[in-house]
Number of protein chains: 2
Amino acid sequence: MTQAPNDKAARLIDVARRAEVSRATAARALGGYGLVTEATRERVMAAAAELNYRVNELARSMRSGRSLTIGVVVADISNSFFTSAIRAIIETASGAGYQILVLNTDDDIEKERNAVRVLIEKRVDGLIVVPASQNEIEHLIVQSEPEVPVVLLDRRVDSDEIDFVTTDDRAAAGEAIRHFAAAGHVRIGLLVATASVEKYSPTMPDHVVGTVRDRVEGAMAAFAELELAASPQWTRFCHSSVEIAHEAMTEILTSPEPPTAILATNEEMALGALGAAQELGFEISEDLSIIAFDEAPWTLVFRPPLSVVKRPVAKLGATAVELLLKKIEDNSYRSSRILNAQLVVRQSVTAPRAR
Amino acid sequence: MTQAPNDKAARLIDVARRAEVSRATAARALGGYGLVTEATRERVMAAAAELNYRVNELARSMRSGRSLTIGVVVADISNSFFTSAIRAIIETASGAGYQILVLNTDDDIEKERNAVRVLIEKRVDGLIVVPASQNEIEHLIVQSEPEVPVVLLDRRVDSDEIDFVTTDDRAAAGEAIRHFAAAGHVRIGLLVATASVEKYSPTMPDHVVGTVRDRVEGAMAAFAELELAASPQWTRFCHSSVEIAHEAMTEILTSPEPPTAILATNEEMALGALGAAQELGFEISEDLSIIAFDEAPWTLVFRPPLSVVKRPVAKLGATAVELLLKKIEDNSYRSSRILNAQLVVRQSVTAPRAR
DNA sequence: CTGAAAGCGCTTACAG
DNA sequence: CTGAAAGCGCTTACAG
């Protein structure tokens with residue numbers, strides 16, 4: 001009777017030998033499928049336990065053609081919004097027996113391409129991607145035959161060929177602007193995070209992802225509707241980093257006629273805006289009202305508590321996984337979701353100080 | 001001449017046939033090893049490109065016995081400290097050709113056991129773990145034959161058998177306490193995060209991880225040295241959540257003789273402490289001085305800017321990977337690291353208000 | 001320089 | 001109810 005060699009992990013065949021059955025029978029007993037007598041099953045289980053047998057999922061995946069692994073390509077793992085999404089993704093996926101391979105791109109399209117390639121080589125069953133660019137998306141479409149299902153998270157692009165899960169940021173941005181206007185603001189600025197620019201710029205760069213465009217257009221539509229001016233003087237498109245947002249905000253606030261309110265489209269923008277404003281001696285809400293996208297945990301504890309656009313981040317992540325799993329089941333399945341975002345009014349917006 | 005079937009991914013054999021060579025030759029050309037004539041190599045590369053060939057890493061891993069994957073089991077992916085560590089882990093690992101499988105445990109020991117089992121079944125080459133418990137660590141030691149190398153991140157346990165990378169939190173906690181004392185504080189409280197308690201408790205639970213003990217002992221040693229009382233009245237051991245820290249802090253601050261200073265051992269504790277203090281009308285620094293572990297991005301923008309114990313989080317993550325890779329190379333390699341932490345003095349500590 | 005063949009550890013039709 | 005055998009897609013000694 002052969003024992004498992006001591007220096008190697010026990011294999012199915014070691015278990016089978018110890019239980020004195022064939023590999024097929026051992027596999028059936030262990031897998032809990034097919035027909036096995038109770039006595040045989042117990043013998044196999046005992047042998048497996050004694051040998052501390054762990055199935056080799058690599059081999060299983062080879063055979064079955066499914067790796068039970070989902071690749072997640074995220075633009076910015078430092079951002080707490082994406083972290084929360086990843087948390088939900090991990091939870092939902094592991095509930096369905098899938099594990100998560102995470103790659104970070106820092107919004108670099110080259111890293112994104114590379115990440116997708118690596119994940120496909122690892123034979124992930126599907127991909128959840130927060131894309132860096134609106135137009136450089138070939139690697140997300142034609143990646144391989146057979147197609148690996150892809151769902152975009154948070155950001156959508158203009159291709160009909162890729163499904164996405166995002167929030168209604170157009171409406172949310174409009175609501176934020178209307179909230180500022182209702183408080184009496186007429187000079188309202190935008191600090192917009194986008195991967196499409198190196199540092200920052202007063203005009204919208206080409207090829208920003210749909211989500212960024214939505215936010216800007218939502219704001220612009222509200223400006224038009226309220227007959228408010230939207231001056232490039234008050235707006236900056238920034239690479240998503242606190243430092244760059246800080247610089248951009250400093251420029252805005254030191255301009256001749258600075259805005260009295262600012263909409264920051266993510267956590268980094270908010271942190272940069274707040275840092276710059278405080279550095280220049282602006283009191284938040286009295287001198288500068290602010291609304292930030294995403295309910296980062298600190299926004300509640302900040303004084304004054306920040307009014308935020310709250311997006312259902314856990315649901316976003318969970319929905320992306322659910323959609324992806326359906327696409328994995330049925331490769332012709334197509335569906336995208338737009339979840340509602342909601343303005344949470346706290347205390348960072350007040351009437352502008354009389355001049 | 002056979003073509004790759006249209007509905008399936010091209011395999012090595014499809015490339016080989018198209019280039020009219022054997023699989024062995026195609027593999028050598030593609031892999032860039034062994035001997036191949038330039039002409040053959042080009043033919044193979046061309047065929048691979050035409051068929052959009054992607055090597056199947058699953059098969060490669062089976063054959064080579066290395067999955068080029070590292071498993072990361074993290075206790076709390078919402079905590080920005082761990083997120084930053086993961087970021088560094090991903091970066092360092094992918095630089096060395098390894099990918100990262102991330103599982104989250106919410107500090108639940110059962111989830112941790114399960115995570116380790118799943119990762120071993122996926123045949124990860126090594127494991128980086130932020131362990132939930134000090135004593136329930138069998139699953140980290142005897143997990144399988146041959147042993148899968150493990151490096152603990154941030155938290156260490158008392159076993160000599162497991163390597164770890166952590167920071168010198170004993171010294172850091174002592175320094176924080178001395179800083180409070182130097183400002184004139186005599187009633188100093190501790191808000192200590194630990195997975196070893198359901199909600200919160202004034203006494204140290206059994207089996208807290210070494211890192212937690214270090215922080216407490218570092219503080220206690222400083223108290224003794226300074227001849228300061230350490231009252232359980234001012235201290236709570238909390239499950240690592242903002243809500244629970246908030247509750248615990250409320251209890252502390254509403255006690256007859258509340259502390260004038262508080263050391264919060266992570267981001268959640270800090271957020272909870274701040275929330276509770278503000279809710280009760282305590283001015284931060286005037287009524288309650290505070291030092292928090294870890295330099296979360298918001299601590300700089302908070303008013304007053306928070307004094308923090310800054311730990312080299314990126315280096316922690318990178319070092320864990322480096323150490324793990326060495327252990328993967330040489331399974332007898334043993335090494336642990338304790339990196340320096342540093343008190344960053346900002347403005348959240350001032351003299352206690354005269355009573 | 002190139003190819004035939006074995007083998008990594010599984011699962012699953014097929015036969016009995 | 002159980003087993004012998006093929007095959008998933010690679011790589012690598014071995015032979016030529």
# chains A, B, ... in the order shown; residues from 1 in each chain; ligands from 1
>>> select_by_dssp(residues="region 197-287 of chain B", states="strand (DSSP E)", output="list in words")
Tyr200, Ser201, Thr235, Arg236, Phe237, Cys238, Ala261, Ile262, Leu263 and Ala264 of chain B
>>> interface_residues(of="chain A", to="chain B", cutoff="9 Å", atoms="only C-alpha atoms", output="count of residues only")
58
>>> interface_residues(of="chain D", to="chain A", cutoff="7 Å", atoms="only C-alpha atoms (C1' of nucleotides)", output="number ranges by chain")
D: 1-3, 8
>>> select_by_dssp(residues="region 74-200 of chain A", states="alpha helix (DSSP H)", output="JSON, numbers by chain")
{"A": [80, 81, 82, 83, 84, 85, 86, 87, 88, 89, 90, 91, 92, 93, 94, 95, 109, 110, 111, 112, 113, 114, 115, 116, 117, 118, 119, 120, 121, 138, 139, 140, 141, 169, 170, 171, 172, 173, 174, 175, 176, 177, 178, 179, 180, 181, 182]}
>>> atom_distance(atom1="CA of Pro232 (chain B)", atom2="CA of Asp158 (chain B)")
25.1 Å
>>> residues_around(residues="region 203-214 of chain A", least_positions_apart="2", cutoff="6 Å", atoms="only C-alpha atoms (C1' of nucleotides)", output="PyMOL selection string")
chain A and resi 133-135+155-157+170+196+201+216-218
>>> residues_around(residues="Phe164 (chain B)", least_positions_apart="3", cutoff="7 Å", atoms="only C-alpha atoms (C1' of nucleotides)", output="ChimeraX atom specification")
/B:151-153,156,336-337
>>> write_last_selection(atoms="C-alpha atoms", output="compact mmCIF listing (two decimals), in the first residue's frame")
# COMPACT_ATOMS: atom_id res chain seq x y z
CA VAL B 151 4.24 35.97 6.10
CA LEU B 152 2.09 37.86 8.55
CA LEU B 153 1.45 41.50 7.78
CA ARG B 156 2.39 39.31 14.66
CA SER B 336 10.92 38.76 10.27
CA ARG B 337 11.07 42.52 10.21
>>> atom_distance(atom1="CA of Pro258 (chain A)", atom2="CA of Gly189 (chain A)")
8.6 Å
